[in-house]
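Colleague: So here's data.csv, just CSV, C-alpha atoms and all ligand atoms:
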```
chain,number,residue,atom,x,y,z
Z,1,MET,CA,27.8,13.1,-35.6
Z,2,ASP,CA,24.2,14.1,-36.1
Z,3,THR,CA,23.1,11.6,-38.8
Z,4,VAL,CA,20.3,9.6,-37.3
Z,5,LEU,CA,20.1,6.0,-38.5
Z,6,TYR,CA,17.0,3.9,-38.4
Z,7,ILE,CA,17.5,0.1,-38.9
Z,8,VAL,CA,14.2,-1.0,-40.4
Z,9,ILE,CA,13.3,-4.7,-39.9
Z,10,PRO,CA,10.2,-6.4,-41.1
Z,11,CYS,CA,9.1,-9.3,-38.9
Z,12,TYR,CA,6.5,-11.9,-39.6
Z,13,ASN,CA,6.1,-14.8,-37.1
Z,14,GLU,CA,9.6,-14.4,-35.8
Z,15,GLU,CA,9.2,-15.0,-32.1
Z,16,LYS,CA,12.0,-17.6,-32.2
Z,17,VAL,CA,14.6,-15.4,-33.8
Z,18,LEU,CA,13.8,-11.9,-32.6
Z,19,PRO,CA,15.2,-12.3,-29.0
Z,20,LEU,CA,18.5,-13.5,-30.6
Z,21,THR,CA,18.9,-10.9,-33.3
Z,22,ALA,CA,17.5,-7.7,-31.6
Z,23,PRO,CA,20.5,-7.2,-29.3
Z,24,MET,CA,22.7,-7.7,-32.4
Z,25,PHE,CA,21.1,-4.7,-34.1
Z,26,LEU,CA,21.3,-2.6,-31.0
Z,27,SER,CA,25.0,-3.3,-30.3
Z,28,LYS,CA,25.7,-2.4,-33.9
Z,29,ILE,CA,24.1,1.0,-33.3
Z,30,GLU,CA,26.2,1.4,-30.2
Z,31,GLU,CA,29.3,0.5,-32.1
Z,32,LEU,CA,28.5,3.0,-34.9
Z,33,VAL,CA,27.7,5.7,-32.4
Z,34,GLU,CA,31.1,5.0,-30.6
Z,35,LYS,CA,32.9,5.3,-34.0
Z,36,ASP,CA,31.1,8.7,-34.4
Z,37,LEU,CA,29.5,7.5,-37.7
Z,38,ILE,CA,25.9,8.1,-36.5
Z,39,SER,CA,23.9,10.0,-33.9
Z,40,LYS,CA,23.1,8.6,-30.6
Z,41,ASP,CA,19.4,9.2,-31.4
Z,42,SER,CA,19.5,6.3,-33.8
Z,43,ARG,CA,16.9,3.5,-33.5
Z,44,VAL,CA,16.1,-0.1,-34.3
Z,45,LEU,CA,12.6,0.0,-35.9
Z,46,PHE,CA,10.7,-3.3,-36.0
Z,47,VAL,CA,7.7,-3.6,-38.3
Z,48,ASN,CA,5.3,-6.3,-37.2
Z,49,ASP,CA,3.7,-7.6,-40.3
Z,50,GLY,CA,0.5,-9.0,-38.7
Z,51,SER,CA,2.3,-11.8,-37.0
Z,52,LYS,CA,0.1,-14.6,-35.5
Z,53,ASP,CA,2.6,-15.4,-32.7
Z,54,LYS,CA,4.2,-13.4,-29.9
Z,55,THR,CA,6.3,-11.2,-32.2
Z,56,TRP,CA,4.5,-8.0,-31.3
Z,57,GLU,CA,4.6,-8.8,-27.6
Z,58,ILE,CA,8.3,-9.2,-27.9
Z,59,ILE,CA,8.8,-5.9,-29.7
Z,60,SER,CA,6.7,-4.1,-27.2
Z,61,ALA,CA,8.7,-5.6,-24.3
Z,62,LEU,CA,11.9,-4.7,-26.0
Z,63,SER,CA,10.8,-1.1,-26.5
Z,64,LYS,CA,10.0,-0.8,-22.8
Z,65,GLU,CA,13.4,-2.2,-21.9
Z,66,ASP,CA,15.3,0.2,-24.1
Z,67,ALA,CA,13.9,3.3,-25.8
Z,68,ARG,CA,16.2,2.7,-28.7
Z,69,TYR,CA,14.0,-0.2,-29.8
Z,70,GLN,CA,10.9,1.0,-31.6
Z,71,GLY,CA,8.1,-0.8,-33.3
Z,72,ILE,CA,5.1,-0.3,-35.5
Z,73,SER,CA,2.5,-2.9,-36.1
Z,74,LEU,CA,0.5,-3.4,-39.3
Z,75,SER,CA,-3.2,-4.1,-39.0
Z,76,ARG,CA,-2.8,-7.4,-40.9
Z,77,ASN,CA,-0.2,-9.4,-42.8
Z,78,ARG,CA,0.7,-7.5,-46.0
Z,79,GLY,CA,3.9,-9.3,-47.0
Z,80,HIS,CA,7.5,-8.5,-46.7
Z,81,GLN,CA,7.6,-5.7,-49.3
Z,82,ASN,CA,4.7,-3.7,-47.9
Z,83,ALA,CA,5.9,-4.2,-44.3
Z,84,LEU,CA,9.3,-2.8,-45.4
Z,85,LEU,CA,7.7,0.1,-47.2
Z,86,ALA,CA,5.7,0.9,-44.0
Z,87,GLY,CA,8.8,1.0,-41.9
Z,88,LEU,CA,10.8,3.1,-44.4
Z,89,MET,CA,8.0,5.6,-44.8
Z,90,TYR,CA,7.7,5.8,-41.0
Z,91,ALA,CA,11.4,6.4,-40.7
Z,92,LYS,CA,11.9,8.9,-43.5
Z,93,ASP,CA,10.8,11.9,-41.4
Z,94,ARG,CA,12.6,10.8,-38.3
Z,95,ALA,CA,16.0,9.7,-39.7
Z,96,GLY,CA,18.7,10.9,-42.0
Z,97,ILE,CA,19.5,7.4,-43.2
Z,98,THR,CA,17.8,4.0,-43.0
Z,99,ILE,CA,19.2,0.5,-43.4
Z,100,SER,CA,16.6,-2.2,-44.2
Z,101,ILE,CA,17.5,-5.8,-43.1
Z,102,ASP,CA,15.7,-9.1,-42.4
Z,103,CYS,CA,15.3,-10.0,-38.8
Z,104,ASP,CA,16.6,-13.5,-39.1
Z,105,GLY,CA,20.3,-12.7,-38.9
Z,106,GLN,CA,21.1,-14.0,-42.4
Z,107,ASP,CA,22.5,-10.7,-43.5
Z,108,ASP,CA,25.8,-9.8,-41.9
Z,109,VAL,CA,25.2,-6.7,-39.7
Z,110,ASN,CA,28.9,-5.8,-40.0
Z,111,ALA,CA,28.4,-4.7,-43.5
Z,112,MET,CA,26.6,-1.7,-42.0
Z,113,ASN,CA,29.9,-0.1,-41.2
Z,114,ASP,CA,30.8,0.0,-44.8
Z,115,MET,CA,27.3,1.2,-45.7
Z,116,VAL,CA,27.4,4.2,-43.4
Z,117,GLU,CA,30.9,5.0,-44.4
Z,118,ALA,CA,29.8,5.0,-48.1
Z,119,TYR,CA,27.0,7.3,-47.2
Z,120,HIS,CA,29.4,9.7,-45.6
Z,121,LYS,CA,31.5,9.5,-48.8
Z,122,GLY,CA,28.4,10.9,-50.7
Z,123,PHE,CA,26.4,7.9,-51.7
Z,124,ASP,CA,22.6,8.1,-51.2
Z,125,VAL,CA,21.9,4.4,-51.9
Z,126,VAL,CA,24.2,1.5,-50.8
Z,127,TYR,CA,23.2,-2.0,-51.8
Z,128,GLY,CA,24.2,-4.9,-49.7
Z,129,VAL,CA,25.3,-7.6,-52.2
Z,130,ARG,CA,25.9,-11.3,-51.2
Z,131,SER,CA,29.4,-12.3,-52.2
Z,132,ALA,CA,29.0,-16.0,-51.2
Z,133,ARG,CA,26.1,-18.3,-50.8
Z,134,LYS,CA,28.0,-21.1,-49.1
Z,135,THR,CA,25.4,-21.7,-46.4
Z,136,ASP,CA,22.5,-21.9,-48.8
Z,137,THR,CA,21.7,-25.3,-50.2
Z,138,PHE,CA,22.6,-26.0,-53.9
Z,139,PHE,CA,18.9,-25.8,-54.7
Z,140,LYS,CA,18.3,-22.5,-53.0
Z,141,ARG,CA,21.5,-21.1,-54.5
Z,142,THR,CA,20.7,-22.0,-58.1
Z,143,THR,CA,17.0,-21.0,-57.9
Z,144,ALA,CA,17.9,-17.7,-56.3
Z,145,GLU,CA,20.6,-16.9,-58.9
Z,146,GLY,CA,18.2,-18.0,-61.7
Z,147,PHE,CA,15.7,-15.5,-60.1
Z,148,TYR,CA,18.0,-12.6,-60.7
Z,149,LYS,CA,18.9,-13.7,-64.3
Z,150,LEU,CA,15.2,-14.1,-65.2
Z,151,MET,CA,14.3,-10.7,-63.8
Z,152,ASN,CA,17.0,-9.0,-65.8
Z,153,ALA,CA,16.2,-10.9,-69.0
Z,154,MET,CA,12.6,-9.8,-68.6
Z,155,GLY,CA,13.5,-6.1,-68.4
Z,156,ALA,CA,13.2,-5.6,-64.6
Z,157,GLU,CA,16.5,-4.1,-63.6
Z,158,VAL,CA,17.7,-5.5,-60.3
Z,159,VAL,CA,21.1,-5.5,-58.7
Z,160,TYR,CA,22.5,-9.1,-58.9
Z,161,ASN,CA,22.4,-11.0,-55.6
Z,162,HIS,CA,21.0,-8.0,-53.7
Z,163,ALA,CA,18.0,-8.6,-51.6
Z,164,ASP,CA,16.5,-5.9,-49.4
Z,165,TYR,CA,19.6,-5.2,-47.3
Z,166,ARG,CA,20.3,-1.6,-48.3
Z,167,LEU,CA,21.0,1.9,-47.0
Z,168,MET,CA,18.8,4.7,-48.3
Z,169,SER,CA,19.1,8.4,-47.3
Z,170,SER,CA,16.0,10.3,-46.3
Z,171,ARG,CA,16.5,12.3,-49.5
Z,172,VAL,CA,15.9,9.2,-51.6
Z,173,LEU,CA,13.0,8.1,-49.4
Z,174,LYS,CA,11.3,11.4,-49.8
Z,175,GLU,CA,11.4,11.0,-53.6
Z,176,PHE,CA,10.5,7.4,-53.3
Z,177,ALA,CA,7.3,8.4,-51.4
Z,178,ASN,CA,6.1,9.8,-54.7
Z,179,PHE,CA,6.0,6.3,-56.2
Z,180,LYS,CA,2.4,5.6,-55.4
Z,181,GLU,CA,2.0,2.2,-57.1
Z,182,VAL,CA,0.4,-0.6,-55.0
Z,183,ASN,CA,2.3,-3.5,-56.8
Z,184,ILE,CA,5.6,-2.9,-55.2
Z,185,PHE,CA,8.9,-4.6,-55.7
Z,186,LEU,CA,11.4,-2.5,-53.8
Z,187,ARG,CA,14.7,-3.8,-55.1
Z,188,GLY,CA,13.5,-3.1,-58.7
Z,189,MET,CA,12.1,0.3,-57.8
Z,190,VAL,CA,15.0,1.8,-55.9
Z,191,PRO,CA,17.3,2.0,-58.9
Z,192,LEU,CA,14.6,3.9,-60.7
Z,193,VAL,CA,14.8,6.7,-58.1
Z,194,GLY,CA,18.4,7.3,-59.1
Z,195,PHE,CA,21.0,9.3,-57.0
Z,196,ALA,CA,24.5,8.1,-56.4
Z,197,SER,CA,24.7,4.4,-55.5
Z,198,THR,CA,27.3,1.8,-54.7
Z,199,SER,CA,27.5,-1.7,-53.3
Z,200,VAL,CA,29.1,-3.3,-50.3
Z,201,TYR,CA,29.7,-7.1,-50.2
Z,202,TYR,CA,29.0,-9.5,-47.4
Z,203,GLU,CA,28.6,-13.2,-46.8
Z,204,ARG,CA,25.2,-14.6,-46.2
Z,205,HIS,CA,24.7,-16.7,-43.1
Z,206,GLU,CA,22.2,-19.3,-42.2
Z,207,ARG,CA,18.9,-18.3,-40.6
Z,208,MET,CA,19.5,-18.2,-36.8
Z,209,ALA,CA,16.1,-19.8,-36.0
Z,210,GLY,CA,12.7,-20.3,-37.4
Z,211,GLU,CA,11.9,-21.1,-41.1
Z,212,SER,CA,12.1,-19.2,-44.4
Z,213,HIS,CA,8.9,-17.7,-45.7
Z,214,TYR,CA,10.2,-17.9,-49.2
Z,215,PRO,CA,10.0,-21.4,-50.6
Z,216,LEU,CA,10.3,-21.9,-54.3
Z,217,LYS,CA,6.7,-21.3,-55.0
Z,218,LYS,CA,6.7,-17.9,-53.3
Z,219,MET,CA,10.0,-17.0,-54.9
Z,220,LEU,CA,8.5,-17.7,-58.4
Z,221,ALA,CA,5.5,-15.6,-57.5
Z,222,LEU,CA,7.8,-12.8,-56.4
Z,223,ALA,CA,9.7,-13.0,-59.6
Z,224,PHE,CA,6.6,-12.9,-61.7
Z,225,ASP,CA,5.1,-10.1,-59.7
Z,226,GLY,CA,8.4,-8.2,-59.9
Z,227,ILE,CA,8.6,-8.6,-63.7
Z,228,THR,CA,5.0,-7.6,-64.4
Z,229,SER,CA,5.2,-4.6,-62.0
Z,230,LEU,CA,8.4,-3.2,-63.5
Z,231,SER,CA,8.5,-4.1,-67.2
Z,232,VAL,CA,6.3,-4.7,-70.2
Z,233,LYS,CA,8.8,-7.0,-71.8
Z,234,PRO,CA,6.6,-10.1,-71.6
Z,235,ILE,CA,4.0,-8.3,-73.6
Z,236,ARG,CA,6.6,-7.4,-76.2
Z,237,ILE,CA,7.7,-11.0,-76.3
Z,238,ILE,CA,4.1,-12.0,-77.1
Z,239,THR,CA,4.0,-9.4,-79.9
Z,240,GLY,CA,7.2,-10.7,-81.3
Z,241,PHE,CA,6.0,-14.3,-81.1
Z,242,GLY,CA,2.7,-13.2,-82.7
Z,243,LEU,CA,4.6,-11.8,-85.7
Z,244,PHE,CA,6.7,-15.0,-85.9
Z,245,VAL,CA,3.6,-17.2,-85.9
Z,246,ALA,CA,1.9,-14.9,-88.4
Z,247,ALA,CA,4.9,-15.4,-90.8
Z,248,ILE,CA,4.8,-19.1,-90.4
Z,249,SER,CA,1.1,-19.1,-91.0
Z,250,LEU,CA,1.6,-17.4,-94.3
Z,251,ILE,CA,3.9,-20.3,-95.3
Z,252,GLY,CA,1.2,-22.7,-94.1
Z,253,ILE,CA,-1.5,-21.0,-96.1
Z,254,ILE,CA,0.6,-21.2,-99.3
Z,255,TRP,CA,1.4,-24.8,-98.6
Z,256,SER,CA,-2.3,-25.7,-98.0
Z,257,VAL,CA,-3.3,-24.1,-101.3
Z,258,ILE,CA,-0.6,-26.0,-103.1
Z,259,VAL,CA,-1.8,-29.3,-101.5
Z,260,ALA,CA,-5.4,-28.5,-102.4
Z,261,LEU,CA,-4.6,-27.7,-106.0
Z,262,SER,CA,-2.6,-30.9,-106.4
Z,263,GLY,CA,-5.7,-32.9,-105.3
Z,264,ASN,CA,-4.3,-34.4,-102.0
Z,265,ALA,CA,-6.5,-32.3,-99.7
Z,266,VAL,CA,-7.7,-35.1,-97.3
Z,267,SER,CA,-4.4,-36.1,-95.9
Z,268,GLY,CA,-2.7,-33.8,-93.4
Z,269,TRP,CA,-5.0,-34.5,-90.3
Z,270,ALA,CA,-2.0,-34.7,-88.0
Z,271,SER,CA,-0.6,-31.4,-89.1
Z,272,THR,CA,-4.0,-29.7,-88.8
Z,273,VAL,CA,-4.5,-30.9,-85.2
Z,274,SER,CA,-1.0,-30.0,-84.1
Z,275,ILE,CA,-1.3,-26.5,-85.5
Z,276,ILE,CA,-4.7,-26.0,-83.7
Z,277,CYS,CA,-3.3,-27.3,-80.4
Z,278,PHE,CA,-0.1,-25.2,-80.7
Z,279,LEU,CA,-2.0,-22.0,-81.5
Z,280,GLY,CA,-4.6,-22.7,-78.8
Z,281,GLY,CA,-1.8,-23.0,-76.2
Z,282,ILE,CA,0.0,-19.9,-77.3
Z,283,GLN,CA,-3.2,-17.9,-77.3
Z,284,LEU,CA,-4.2,-19.0,-73.8
Z,285,LEU,CA,-0.7,-18.3,-72.5
Z,286,SER,CA,-0.7,-14.9,-74.1
Z,287,LEU,CA,-4.1,-14.0,-72.7
Z,288,GLY,CA,-2.9,-15.1,-69.3
Z,289,VAL,CA,0.1,-12.7,-69.4
Z,290,ILE,CA,-2.0,-9.9,-70.7
Z,291,GLY,CA,-4.6,-10.7,-68.1
Z,292,GLU,CA,-1.9,-10.4,-65.4
Z,293,TYR,CA,-1.2,-6.8,-66.5
Z,294,ILE,CA,-4.9,-6.0,-66.6
Z,295,GLY,CA,-5.2,-7.4,-63.1
Z,296,LYS,CA,-2.3,-5.1,-62.0
Z,297,ILE,CA,-4.1,-2.1,-63.6
Z,298,TYR,CA,-7.3,-3.1,-61.7
Z,299,LEU,CA,-5.4,-3.0,-58.4
Z,300,GLU,CA,-3.6,0.2,-59.2
Z,301,VAL,CA,-6.8,2.0,-60.2
Z,302,LYS,CA,-8.4,1.1,-56.9
Z,303,GLY,CA,-5.4,2.7,-55.2
Z,304,ARG,CA,-6.1,1.1,-51.8
Z,305,PRO,CA,-3.7,1.8,-49.0
Z,306,ARG,CA,-0.6,-0.3,-49.1
Z,307,TYR,CA,-0.5,-0.9,-45.4
Z,308,ILE,CA,-2.4,0.3,-42.3
Z,309,ILE,CA,-0.5,0.9,-39.1
Z,310,SER,CA,-2.6,-0.2,-36.1
Z,311,GLU,CA,-0.2,0.4,-33.3
Z,312,THR,CA,3.2,1.9,-32.5
Z,313,THR,CA,5.4,1.7,-29.5
Z,314,GLU,CA,5.8,5.4,-29.6
Z,315,LYS,CA,2.2,6.0,-28.8
Z,316,GLU,CA,2.3,3.7,-25.8
Z,317,LYS,CA,4.8,6.0,-24.2
Z,318,GLU,CA,2.8,9.1,-24.8
Z,319,GLU,CA,-0.1,7.7,-22.8
F,401,LIG,N1,8.5,-11.2,-43.7
F,401,LIG,C1,7.5,-10.3,-43.5
F,401,LIG,N2,6.2,-10.6,-44.0
F,401,LIG,C2,5.9,-11.8,-44.6
F,401,LIG,C3,7.0,-12.7,-44.8
F,401,LIG,C4,8.3,-12.4,-44.4
F,401,LIG,O1,7.7,-9.2,-43.0
F,401,LIG,O2,4.8,-12.0,-45.0
F,401,LIG,C5,9.9,-10.9,-43.2
F,401,LIG,C6,10.5,-11.9,-42.4
F,401,LIG,O3,10.1,-11.8,-41.0
F,401,LIG,C7,12.0,-11.7,-42.6
F,401,LIG,C8,12.0,-11.2,-44.0
F,401,LIG,O4,10.7,-10.8,-44.3
F,401,LIG,O5,12.5,-10.7,-41.7
F,401,LIG,C9,12.5,-12.2,-45.0
F,401,LIG,O6,11.9,-13.4,-44.9
F,401,LIG,P1,12.6,-14.8,-44.8
F,401,LIG,O7,13.8,-14.8,-44.0
F,401,LIG,O8,11.6,-15.8,-44.5
F,401,LIG,O9,13.0,-15.0,-46.4
F,401,LIG,P2,14.4,-15.6,-47.0
F,401,LIG,O10,15.5,-14.9,-46.3
F,401,LIG,O11,14.4,-17.1,-46.7
F,401,LIG,O12,14.3,-15.3,-48.4
F,402,MG,MG,15.8,-14.9,-44.4
```
Please lay out the structure from this file as C-alpha cells.
Modeller:
Amino acid sequence: MDTVLYIVIPCYNEEKVLPLTAPMFLSKIEELVEKDLISKDSRVLFVNDGSKDKTWEIISALSKEDARYQGISLSRNRGHQNALLAGLMYAKDRAGITISIDCDGQDDVNAMNDMVEAYHKGFDVVYGVRSARKTDTFFKRTTAEGFYKLMNAMGAEVVYNHADYRLMSSRVLKEFANFKEVNIFLRGMVPLVGFASTSVYYERHERMAGESHYPLKKMLALAFDGITSLSVKPIRIITGFGLFVAAISLIGIIWSVIVALSGNAVSGWASTVSIICFLGGIQLLSLGVIGEYIGKIYLEVKGRPRYIISETTEKEKEE
C-alpha cells in the first residue's frame, strides 16, 4: 500500500503525557502498515505549540530514536487550532492522508483503523465522533454538549460531539490551504470544504496525565470565537430584536400620547426608567457583538501569518 499517513499531534506543555502516548501512535502505525492499509513511510508528526516545558526536547529525542517520529516547533504559543493547522499544512505535501488527534490519549487510537478503511472506501474526510462521555464529569459533559448545541443554533455548522480527531486526505487539505482566514475554527471549516465525508464512533477516555487546557472559560471563548468566525447569525438576531423593540416602541409612543392627552403625564417614572435601562443594555450588548465582528475584520485585514515554524526535526538530520 502506498498511501502515506501522517498522524498530526499538537502538543502544548505535555512533557508528562508525551512519553506515554508517543509509542501508542507509533505502534498504531506499525499495525496499520502490517494490515497493508498504509505505507511504511508513514509518520507521527508532533507540533510543539511553543511549550514552556521539556516537550520539544522530548520530541527531538524521539525523532533521533526512530525516524518515524517527526516534529515541528512553532516560534511561540499560538493555540491548539493554529498548531493543528501548522501540522496539517506541513503534512499535506508529504502525505496522502492525515489524521489529527490530541496528544493526551483521550481519543481512542483504535478508531484510526475504521478511519483509514473509510478512506479506502472513498471518503475524503472521516470525523471521529464520541459515542460516550462516561469518563467526563457531569459538568464537563453537559457544558461540552451545550457547546455543540449553541454552535449549531448560532449558525456555525459543526458535527455533533466531534472535536479535532479526524482523517483528511491531501486532496481536501490542498483545497483547505486556500482558506486564508486568520480566525480559524477547524471543525467548523472542514465541512465547508466539502468532499465525501463520514463518521466513525469511539469512546473518549480520561487524560493519561497532565491537565486539560480547556476549562469552561476557554471553552466559552472557543464557542464565541467559532460562532463569530463562521456565521453572521448573531448580527441577524440583533436586527430581529431591533425590529421587535421598534414595534414595541411604537405602542409605547401611542400609549404616552394617550397618557399626555388625558392629563396624567407626571406619573410613569418607573416605566420610563425601566425602558431607558432596558434599551441601554440592549444597545451596549448589540454594539459589543458588532464590535466583535469589526475586531475580526481588523485581524483579517492585517493578514498576519497564522503560525511561524522555528524548528523542525527534519532539518536537524540534514545538518
Ligand atoms: N494544545 C495546543 N496548544 C494550546 C493548548 C492545547 O497545542 O495552546 C493541545 C494540547 O497539547 C492537546 C490538545 O491541544 O494535545 C487538546 O488540549 P486539551 O487536552 O488540554 O483539551 P481537552 O481535551 O481537555 O478539551
Ligand atoms: Mg484532552
Colleague: Separation of atom CA of Phe278 of chain Z and atom CA of Ser249 of chain Z, in Å?
Modeller: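 Going from atom CA of Phe278 of chain Z over to atom CA of Ser249 of chain Z covers 12.0 Å.
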Colleague: Enumerate, in order of chain and increasing residue number, the residues of chain Z with an atom no farther than 10 Å from ligand MG 402 (chain F), each with its shortest atom pair and distance in Å to one decimal, counting all atoms listed in the file, as a Markdown table.
Modeller:
```
| residue | atom | partner | partner_atom | distance |
| --- | --- | --- | --- | --- |
| Z:Ile101 | CA | F:MG402 | MG | 9.3 |
| Z:Asp102 | CA | F:MG402 | MG | 6.1 |
| Z:Cys103 | CA | F:MG402 | MG | 7.5 |
| Z:Asp104 | CA | F:MG402 | MG | 5.5 |
| Z:Gly105 | CA | F:MG402 | MG | 7.4 |
| Z:Gln106 | CA | F:MG402 | MG | 5.7 |
| Z:Asp107 | CA | F:MG402 | MG | 8.0 |
| Z:Ala163 | CA | F:MG402 | MG | 9.8 |
| Z:Arg204 | CA | F:MG402 | MG | 9.6 |
| Z:His205 | CA | F:MG402 | MG | 9.2 |
| Z:Glu206 | CA | F:MG402 | MG | 8.1 |
| Z:Arg207 | CA | F:MG402 | MG | 6.0 |
| Z:Met208 | CA | F:MG402 | MG | 9.1 |
| Z:Ala209 | CA | F:MG402 | MG | 9.7 |
| Z:Gly210 | CA | F:MG402 | MG | 9.4 |
| Z:Glu211 | CA | F:MG402 | MG | 8.0 |
| Z:Ser212 | CA | F:MG402 | MG | 5.7 |
| Z:His213 | CA | F:MG402 | MG | 7.6 |
| Z:Tyr214 | CA | F:MG402 | MG | 8.0 |
```
Colleague: Would you mind telling me which residue in Z:Tyr90, Z:Phe46, Z:Phe176, Z:Tyr127 lies nearest to Asp164 of chain Z when using all atoms listed in the file?
Modeller: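 Of all the options, Z:Tyr127 lies closest to Asp164 of chain Z.
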Colleague: How many Å separate atom CA of Asn82 of chain Z from atom C3 of ligand LIG 401 (chain F)?
Modeller: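 These two atoms are separated by 9.8 Å.
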Colleague: Could you list, as a PyMOL selection string, every residue within 8 Å of Ser169 of chain Z, counting all atoms listed in the file and ignoring same-chain residues fewer than 5 positions away?
Modeller: chain Z and resi 96-98+119+124-125
Colleague: So that I have them on file, write out the residues from the current selection with C-alpha atoms, as a compact mmCIF listing (two decimals), keeping the file's coordinate frame.
Modeller:
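The result, stored in part-v3.txt:
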```txt
# COMPACT_ATOMS: atom_id res chain seq x y z
CA GLY Z 96 18.70 10.90 -42.00
CA ILE Z 97 19.50 7.40 -43.20
CA THR Z 98 17.80 4.00 -43.00
CA TYR Z 119 27.00 7.30 -47.20
CA ASP Z 124 22.60 8.10 -51.20
CA VAL Z 125 21.90 4.40 -51.90
```
Colleague: Between Z:Gly87, Z:Pro215, Z:Gly263, Z:Gly226, which residue has the minimum interatomic distance to ligand LIG 401 (chain F), considering only C-alpha atoms and all ligand atoms?
Modeller: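 Counting only C-alpha atoms and all ligand atoms, the residue closest to ligand LIG 401 (chain F) is Z:Pro215.
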Colleague: Can you check which parts of segment 221-299 of chain Z lie within 12 Å of segment 187-197 of chain Z? Per residue, the shortest pair of atoms and distance in Å to one decimal, counting only C-alpha atoms, sorted by chain and number, as JSON lines.
Modeller:
```
{"residue": "Z:Leu222", "atom": "CA", "partner": "Z:Arg187", "partner_atom": "CA", "distance": 11.4}
{"residue": "Z:Ala223", "atom": "CA", "partner": "Z:Gly188", "partner_atom": "CA", "distance": 10.6}
{"residue": "Z:Asp225", "atom": "CA", "partner": "Z:Gly188", "partner_atom": "CA", "distance": 11.0}
{"residue": "Z:Gly226", "atom": "CA", "partner": "Z:Gly188", "partner_atom": "CA", "distance": 7.3}
{"residue": "Z:Ile227", "atom": "CA", "partner": "Z:Gly188", "partner_atom": "CA", "distance": 8.9}
{"residue": "Z:Thr228", "atom": "CA", "partner": "Z:Gly188", "partner_atom": "CA", "distance": 11.2}
{"residue": "Z:Ser229", "atom": "CA", "partner": "Z:Gly188", "partner_atom": "CA", "distance": 9.1}
{"residue": "Z:Leu230", "atom": "CA", "partner": "Z:Gly188", "partner_atom": "CA", "distance": 7.0}
{"residue": "Z:Ser231", "atom": "CA", "partner": "Z:Gly188", "partner_atom": "CA", "distance": 9.9}
```
Colleague: For Thr142 of chain Z, which residue out of Z:Leu216, Z:Ile38, Z:Ala95, Z:Val245 is the nearest one, using all atoms listed in the file?
Modeller: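 The closest residue to Thr142 of chain Z is Z:Leu216.
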Colleague: Using only C-alpha atoms and all ligand atoms, pick whichever of Z:Tyr165, Z:Tyr201, Z:Tyr160, Z:Phe138 has the shortest atom-to-atom distance to ligand LIG 401 (chain F).
Modeller: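 Residue with the minimum atom-to-atom distance to ligand LIG 401 (chain F): Z:Tyr165.
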Colleague: How far is it from atom CA of Lys302 of chain Z to atom CA of Ala86 of chain Z, in Å with one decimal?
Modeller: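 Those two atoms sit 19.1 Å apart.
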Colleague: Applying 12 Å and all atoms listed in the file, which residues near Glu57 of chain Z remain after dropping the ones on its own chain fewer than 3 positions away? List them as a VMD selection string.
Modeller: chain Z and resid 13 to 15 18 to 19 46 48 50 to 54 60 to 64 71 to 73 311 to 313
Colleague: For each of Z:Asn77, Z:Thr272, Z:Thr239, Z:Thr55, take the minimum atom-to-atom distance to ligand LIG 401 (chain F), counting all atoms listed in the file, then give the residue where this is smallest.
Modeller: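 Closest candidate: Z:Asn77.
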Colleague: Edge lengths and centre in Å to one decimal, as AutoDock Vina command-line options, is what I'm after for the box along x, y and z that holds all listed atoms of segment 245-259 of chain Z once 4 Å is added on each side.
Modeller:
```
--center_x 0.8 --center_y -22.1 --center_z -94.5 --size_x 16.2 --size_y 22.4 --size_z 25.2
```
Colleague: Choose the residue, out of Z:His162, Z:Val33, Z:Pro23, Z:Lys121, that has the smallest atom-to-atom separation from ligand LIG 401 (chain F); count all atoms listed in the file.
Modeller: Z:His162
Colleague: Considering only C-alpha atoms, return as an NGL selection string whatever protein or nucleic-acid residues lie within 12 Å of Gly242 of chain Z, sequence-local ones (same chain, fewer than 5 positions apart) excluded.
Modeller: :Z and (235-237 or 247-249 or 279 or 282-283 or 285-286)
